[in-house]
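Asker: Okay, handing you the structure first.
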Amino acid sequence: MIDVEVEENRLLARASTASDRVHLRYFPGARWVHARGQFSLPRQMATYLLLRDLFGEEGWRPPASLAAEVRAALEMERPEPVGEAELTDLGDEFAVRSGFADRELVKLVPGYRWVAQEKRWRLPRVPETVRILERGFGERLRVVEEERVRRWLAEAEERIRAELARAQDVDAAPERVVADGLGGGERERAEGERRGMGRADGAGGGVHAEEVGLAGLFERLERLTVALERLVAVLENGRPADGGVEGLRAGLPPAAEGGDGVGATETGMDWREEMERIRATPDVAVRQMLEGKLSSVEGGDAAAIRFLLGFWYLANEGWLDAVRSFRRGFALGVVLEEDLEAEAKRGYQRAAERYLFGPMGGEAEDLSTATKLLARQLSHEGTPISTEALEELRTAADDLAADPELARRAPELHALARLVQFLATARRGARVDEQRLGEFIQDRNVPARIRALGMMLLANVLTQADDVSGWQMRWPRDVSLAGDFSWVAEVALEVLSKGADELGIGPFVALAALAIVAGGPREWATLDQRKQLLRFVEAANPLRGYAEFLAAFRLAASGNGKGLEREFKGYFEFLKQVPLDDSWPHLSEALSIDSGVITNRIVDEVLPAALEARGLREVETLMEAAEFAVTTQRGDNTLNRIADGVEDGSILGAEALDGEQRLRLFRWALDAARKKTHDQDADRAFVRLVRELLRQGRDAEIPNLCEECQDAFPALKERAMLAALEWALESGEEFGKWLDRLPNAFRPQSPRLDDLRALMAAFPELEEAGGEKLKRLVGWRPPDAGEARDLAGRTVLVVGGHPSLMTKAMPQLGELGLQPEWLDADSAKQGGRAVGRAQGSVDLVVVNVAYIGHAASERVVEAAKSAGNRYLARAFTGPRMLVSTVRQALSAADEDREGVRSGKGGRRR
C-alpha cells in the first residue's frame with residue numbers, strides 16, 4: 001500500500017513494503033526526502049495515472065483533499081499522436097521534441113518540464129519514461145542513438161528486477177526485519193544511508209543522492225557552529241552569548257573591588273567643567289591643552305580626555321577626527337562614570353551620523369532623516385548622489401561598518417552604515433556580494449526598517465538597477481544563479497509586520513520580495529506568502545497589477561494556474577503589454593504544462609493583445625504561438641484576430657512574414673475554425689485565405705481549397721462553390737462539375753443566392769448551362785431590355801486588385817464610357833489616399849475585398865458612406881464579374897434617381 005500525503009506543490013508517498021519502495025525509487029520524478037522518510041512525487045496529473053497503473057486502484061491511498069484532482073486525472077482521455085516525437089538521452093535526463101499538438105502525450109510522464117530556451121521537454125531518465133512514451137506515440141517515437149539507449153534500458157531493467165527480487169525476499173520474511181531491529185521506515189532510511197540512495201539509473205534517475213551518515217555529519221556541523229558562535233560572542237562582546245562564562249571582559253580591566261561604578265579618575269579632573277569650556281570657546285587653545293594633558297595620564301583620565309577631544313572636534317565639525325577620538329576613548333575599555341559614558345555615547349553617535357550622512361546632503365540631519373533619505377534613494381524619488389559624494393559616502397561607510405565600538409554603542413547606526421556600504425558599492429558599479437547582503441537582511445539584530453531597506457537594495461542588486469524604478473514594470477530576471485533566496489518571502493513578511501512601513505516603503509518592500517522570488521524556482525514562496533505580500537500593495541496602487549504578475553509568474557510556469565484568474569488578474573493584464581518576443585519563452589512554458597486552467601485566457605486575450613500593442617521582432621515567435629493556438633479549444637478566434645492584423649498591417653513587424661508563412665498562418669486559422677465548427681470564424685478564414693492566394697498570384701490553388709472545404713465543412717459549401725465557380729468562369733476553365741453540385745450546395749432562401757444571381761448576370765454561359773433547374777433555384781429574372789444605359793462620363797474608383805486584374809478590367813470599363821481610377825490594396829492599408837478619394841466626387845466606389853483585409857476595406861467603405869457616395873464591397877477574382885457588377889450598380893443608381901424624380905421611389909438599398 002502506498003500512502004500519499006499532499007503539500008502545496010508536491011506529493012509525499014510512503015510505501016508499506018520493500019517491493020513498493022523499489023517501484024517508488026524508480027518512479028519518474030521521485031525524490032527521496034531523508035528527513036521525512038518518504039518519497040517526494042511531482043503533483044501532476046500524470047503522477048496519479050502512473051500510481052494507478054503501477055499499484056492498481058486499491059494499491060495506493062490519496063488523501064480526501066485530493067479526491068477531485070485525482071478523479072479528474074483518472075477520467076482524462078489519452079489522445080492519439082498527431083506528429084512524431086524525438087527522444088534524446090542527455091545522460092542525466094531525457095529530452096523530447098514534439099509538436100504542441102502532442103504535448104498532452106509527453107505530459108503523461110511525471111516530472112516533465114518544458115525548457116523554453118531549448119524548445120523541448122526534459123523528462124526523468126528512468127525506464128518508465130521510455131515505456132510511457134512508447135505507449136503514447138507508438139511507431140511515431142524516434143529515439144536518437146537508439147542502440148545505446150536500448151542497451152541502457154536493458155541494463156536498468158535488469159537492475160530493477162534484481163532489486164525487486166531482494167525486496168520480495170524481505171517482504172516474504174518479515175521476521176528478518178524485526179531481527180534487524182528496524183521498522184519499515186527506519187529500514188528504508190538505514191538503507192538510504194548505507195547505499196547513499198544513489199540515482200536509480202546511475203545517471204540522473206529517480207532520487208537524489210544522500211551521503212553516507214549524512215545525519216551524523218549535520219549534527220557535528222551544528223555543534224561546531226554553536227561553538228563558533230560562542231567564540232565570536234566572547235571576542236566581540238566580552239562575554240559569551242549565553243552568559244555561561246563569568247568575568248570575561250574581552251580585554252577590559254576588571255572593575256575595582258568594592259567600587260560603585262562611578263569611576264573617579266586618578267587626577268580628579270572635572271570633565272564637566274572641561275565640557276563647559278569646550279561649549280563656550282571651542283578654540284585651538286582648548287584642543288592643545290587637552291592634547292598636552294593626554295601624554296601624562298592613563299586609564300579613566302585618558303578616556304575622558306579622548307572624549308573631550310571628540311566633543312571639541314564635534315563642535316568644530318571635524319566629524320572624522322571626532323569619531324576617531326570617541327572610538328579611541330571607548331577602546332581603552334575602562335569603567336567610566338555613568339554620566340560621562342552616556343554623554344560620550346551620544347557624542348559618538350552624533351559624530352558618526354555627521355561623518356556618514358554629510359555626503360548625502362543637508363536633508364540627512366540624523367538617523368531618522370537619513371533613513372528616510374535612503375528609502376527615497378532605493379525607490380526612485382531621491383536626488384542622485386554625485387560621484388564625489390558617493391566616494392566620500394563609501395569611505396565613511398567602510399570605516400564605520402568595521403567599527404566594533406559603534407556596533408556596541410549605536411547598533412542601529414552601525415547597521416545603517418553597513419547598508420550604506422552595500423549601497424555605495426552597488427552605485428559605484430562594483431560587485432555586491434548578494435549572499436553577504438542576504439545574511440545582513442536576515443540578521444534579526446538589525447532593526448526591521450533597515451532590513452526592509454536591505455530587501456529593496458537586494459532586489460536592485462539582483463536586477464542590476466540603481467533603484468526600484470529601474471526594474472519595476474519589467475520582465476523578471478533569473479536570479480537563481482546568484483544563490484538561494486528561499487528565505488526572502490518569509491523575511492519580507494517579518495520586517496513588514498514589525499513596522500517597516502513607517503517609512504512608507506511597504507509596497508516597495510513587498511514588490512522587491514515578489515520580484516526576487518519570481519526570478520527563482522516555485523518553491524521560493526508558498527501561495528499563501530505570495531498572497532500576504534500582495535496585501536501590502538493596495539488595490540489602488542498603480543503597481544498592484546505588476547505585483548500580481550510577479551506573484552503569479554512562477555505559479556503559472558510550474559503548472560499551478562488554478563485560481564490565477566481570480567487572485568492574480570494583473571498577471572494577464574501585464575502580459576498584454578509585453579512584447580511577445582520577450583514573454584513567449586515564459587508563456588510557452590506555462591501553456592505547455594497547463595492543464596487547461598489558464599490556456600484559454602492567454603490564447604484568447606494575451607497573445608493577440610500583446611501583438612497588437614507591441615508588435616514583434618522575430619517572425620518565428622509569432623509562428624510558434626500561432627501553431628500552439630491551433631491546438632487549443634478556442635484558438636480559431638485568436639488566429640483570425642492575429643491573421644487580420646498580419647493582413648491589414650496593424651501588427652508591427654508582421655510585414656516580415658514571407659508568402660509561405662502568411663499562407664500557413666491563414667490556413668491554421670481555417671483549420672482551427674473547421675475543427676471547432678465555428679461558422680463565422682471559418683467564413684472569415686476562408687475568404688482571407690482566398691485573398692492571399694489571389695494576392696500571391698496562386699489562384700490556380702483555389703479549386704483544390706474549395707473542393708476540400710465543400711467536403712469537410714458544410715458551413716462553407718456555398719462560399720466555396722461561389723469561389724470555385726467564379727474562378728472557373730473568369731479563367732475559362734471547365735465549370736461543369738461545379739454546376740452539377742449547385743442544387744445540393746445552396747439552402748433555399750440563402751442570402752448567397754444573390755451572389756449566384758450576380759454570377760449568372762455576368763456570365764451568360766452559366767445561365768445557359770444551368771438551364772431551368774438553375775433558374776428555379778435562384779428565382780431567376782432575366783434583365784429588362786431597357787436596363788442598358790449610357791454610362792459615359794461616370795467616375796468609378798476601384799480599390800484593390802491584382803495588377804493582372806487591373807490590366808484586364810480597365811479597358812473594359814473604358815469601353816462602357818466610364819472614367820475609372822484604380823488604387824492598389826496598399827493604398828487602402830497605408831496612408832489616407834484611398835480614404836480621401838472615397839470621400840471625394842465619385843459616382844461609385846468599388847472595394848475589392850478579395851485583395852484587401854477587413855479593417856482596410858471598412859475604412860474605405862466608411863469614408864464613402866460619410867460622403868454619401870454609392871459603394872459596393874465584394875470579392876472579384878476576374879474582370880468580367882467586376883465590370884458586370886459595376887454596370888448593374890450604376891444602372892441601379894440611375895433608376896433610384898429617376899424614381900425619386902417621378903415620385904415612384906427607387907431601388908436604393
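All residue names refer to the C-alpha cells as shown: chains lettered A, B, ... in order, residues numbered from 1 in each chain, ligands numbered from 1 in order.
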I want to know what sits within 12 Å of stretch 757-772 of chain A, based on only C-alpha atoms, with residues of the same chain fewer than 5 positions away left out; could you give that as a PyMOL selection string?
Answerer: chain A and resi 721-732+734-743+750-752+777-784+874-889
Asker: If we count only C-alpha atoms, what is near stretch 831-840 of chain A at a cut-off of 7 Å, once residues fewer than 6 positions away on the same chain are taken out, given as a PyMOL selection string?
Answerer: chain A and resi 859-860+863-864+867
Asker: Please save all heavy atoms of the selected residues as an mmCIF file, in the first residue's frame.
Answerer:
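Output file result_3.cif follows:
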```cif
data_model
loop_
_atom_site.group_PDB
_atom_site.id
_atom_site.type_symbol
_atom_site.label_atom_id
_atom_site.label_comp_id
_atom_site.auth_asym_id
_atom_site.auth_seq_id
_atom_site.Cartn_x
_atom_site.Cartn_y
_atom_site.Cartn_z
ATOM 1 N N ARG A 859 -12.423 50.863 -43.677
ATOM 2 C CA ARG A 859 -12.060 52.283 -43.659
ATOM 3 C C ARG A 859 -12.524 52.979 -44.942
ATOM 4 O O ARG A 859 -13.042 54.105 -44.900
ATOM 5 C CB ARG A 859 -10.541 52.429 -43.494
ATOM 6 C CG ARG A 859 -10.035 52.167 -42.090
ATOM 7 C CD ARG A 859 -8.595 52.637 -41.919
ATOM 8 N NE ARG A 859 -7.660 51.831 -42.687
ATOM 9 C CZ ARG A 859 -7.067 50.740 -42.230
ATOM 10 N NH1 ARG A 859 -7.339 50.317 -41.007
ATOM 11 N NH2 ARG A 859 -6.211 50.060 -42.971
ATOM 12 N N VAL A 860 -12.360 52.316 -46.082
ATOM 13 C CA VAL A 860 -12.769 52.918 -47.354
ATOM 14 C C VAL A 860 -14.287 52.992 -47.444
ATOM 15 O O VAL A 860 -14.859 54.003 -47.883
ATOM 16 C CB VAL A 860 -12.187 52.105 -48.529
ATOM 17 C CG1 VAL A 860 -12.622 52.719 -49.858
ATOM 18 C CG2 VAL A 860 -10.668 52.068 -48.456
ATOM 19 N N ALA A 863 -15.596 55.771 -45.366
ATOM 20 C CA ALA A 863 -15.328 57.068 -45.993
ATOM 21 C C ALA A 863 -16.366 57.362 -47.074
ATOM 22 O O ALA A 863 -16.870 58.489 -47.188
ATOM 23 C CB ALA A 863 -13.922 57.072 -46.588
ATOM 24 N N ALA A 864 -16.717 56.356 -47.882
ATOM 25 C CA ALA A 864 -17.730 56.550 -48.926
ATOM 26 C C ALA A 864 -19.091 56.852 -48.310
ATOM 27 O O ALA A 864 -19.834 57.731 -48.786
ATOM 28 C CB ALA A 864 -17.803 55.301 -49.803
ATOM 29 N N ALA A 867 -19.478 60.433 -47.081
ATOM 30 C CA ALA A 867 -19.631 61.427 -48.146
ATOM 31 C C ALA A 867 -20.924 61.236 -48.928
ATOM 32 O O ALA A 867 -21.215 62.023 -49.842
ATOM 33 C CB ALA A 867 -18.431 61.351 -49.092
#
```
Asker: Which is closer to A:Glu104 than all the others in A:Ala715, A:Leu689, A:Ala407, A:Met45, using only C-alpha atoms?
Answerer: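 Ranking A:Ala715, A:Leu689, A:Ala407, A:Met45 by distance to A:Glu104, first place goes to A:Met45.
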Asker: Show which residues sit within 8 Å of stretch 112-127 of chain A, as a ChimeraX atom specification. Count only C-alpha atoms, and ignore same-chain residues fewer than 4 positions away.
Answerer: /A:26-29,89,91-98,106-107,131,153,156-157,200-201,203-206,585-586,588-589,592-593
Asker: To test your reading of the structure, identify every residue in stretch 706-857 of chain A that backbone DSSP assigns to alpha helix (DSSP H), and report it as an MDAnalysis selection string.
Answerer: chainID A and resid 706:712 717:731 736:745 753:762 764:778 803:815 825:829 833:838 854:857
Asker: What's around stretch 343-350 of chain A at 7 Å? Count only C-alpha atoms, leave out sequence neighbours fewer than 5 positions away in its own chain, and write the answer as JSON, numbers by chain.
Answerer: {"A": [307, 311, 323, 326, 409, 410]}
Asker: Restricting it to C-alpha atoms, dump the selection as an mmCIF file, in the first residue's frame.
Answerer:
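So out_8.cif came out as:
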```
data_model
loop_
_atom_site.group_PDB
_atom_site.id
_atom_site.type_symbol
_atom_site.label_atom_id
_atom_site.label_comp_id
_atom_site.auth_asym_id
_atom_site.auth_seq_id
_atom_site.Cartn_x
_atom_site.Cartn_y
_atom_site.Cartn_z
ATOM 1 C CA PHE A 307 36.023 62.038 24.813
ATOM 2 C CA PHE A 311 33.477 66.910 21.668
ATOM 3 C CA VAL A 323 34.711 59.717 15.544
ATOM 4 C CA PHE A 326 35.468 58.792 20.731
ATOM 5 C CA ARG A 409 27.045 51.579 21.436
ATOM 6 C CA ALA A 410 24.930 52.600 18.406
#
```
Asker: Within 6 Å of A:Ile441, counting only C-alpha atoms, which residues qualify if same-chain residues fewer than 3 places away don't, as a PDB file with N, CA, C and O atoms, in the first residue's frame?
Answerer:
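Final file, around-v3.pdb:
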```pdb
ATOM      1  N   GLY A 438      22.371  39.251   1.825  1.00  0.00           N
ATOM      2  CA  GLY A 438      21.270  38.425   2.300  1.00  0.00           C
ATOM      3  C   GLY A 438      21.398  38.085   3.771  1.00  0.00           C
ATOM      4  O   GLY A 438      20.409  38.096   4.525  1.00  0.00           O
ATOM      5  N   ARG A 451      16.429  46.433   7.680  1.00  0.00           N
ATOM      6  CA  ARG A 451      16.343  45.175   6.926  1.00  0.00           C
ATOM      7  C   ARG A 451      15.410  45.339   5.725  1.00  0.00           C
ATOM      8  O   ARG A 451      15.655  44.776   4.652  1.00  0.00           O
ATOM      9  N   GLY A 454      17.226  46.974   3.140  1.00  0.00           N
ATOM     10  CA  GLY A 454      18.128  45.980   2.559  1.00  0.00           C
ATOM     11  C   GLY A 454      17.427  45.093   1.546  1.00  0.00           C
ATOM     12  O   GLY A 454      18.025  44.697   0.528  1.00  0.00           O
TER      13      GLY A 454
END
```
Asker: Residues within 6 Å of A:Gly570, please, as a ChimeraX atom specification. Count only C-alpha atoms; anything in the same chain fewer than 3 positions from it doesn't count.
Answerer: /A:545,548-549,573-574
Asker: Write out the residues from the selection above, keeping C-alpha atoms, as a CSV table (one decimal), in the first residue's frame.
Answerer:
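Saved file selection_37.csv follows:
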```csv
chain,number,residue,atom,x,y,z
A,545,GLY,CA,-1.2,44.7,-11.3
A,548,GLU,CA,0.1,40.3,-9.1
A,549,PHE,CA,2.1,39.4,-12.2
A,573,GLU,CA,-3.1,42.3,-17.9
A,574,PHE,CA,0.6,42.9,-17.6
```
Asker: For each of A:Gly649, A:Gly868, A:Leu639, A:Ile305, take the minimum atom-to-atom distance to A:Ala625, counting only C-alpha atoms, then give the residue where this is smallest.
Answerer: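 Using only C-alpha atoms, the shortest distance to A:Ala625 belongs to A:Leu639.
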Asker: Mind checking which residues fall within 8 Å of A:Ala556, counting only C-alpha atoms, ignoring those fewer than 5 positions away in the same chain, and posting them as a list in words?
Answerer: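 The residues satisfying every condition are Gly561, Leu564, Ala590 and Asp594 of chain A.
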Asker: Could you please determine the separation between atom CA of A:Val149 and atom CA of A:Glu134 in Å, to one decimal place?
Answerer: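 Taking atom CA of A:Val149 and atom CA of A:Glu134, their separation equals 13.3 Å.
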Asker: What is the atom CA of A:Val4 to atom CA of A:Leu555 distance in Å?
Answerer: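 These two atoms are separated by 22.6 Å.
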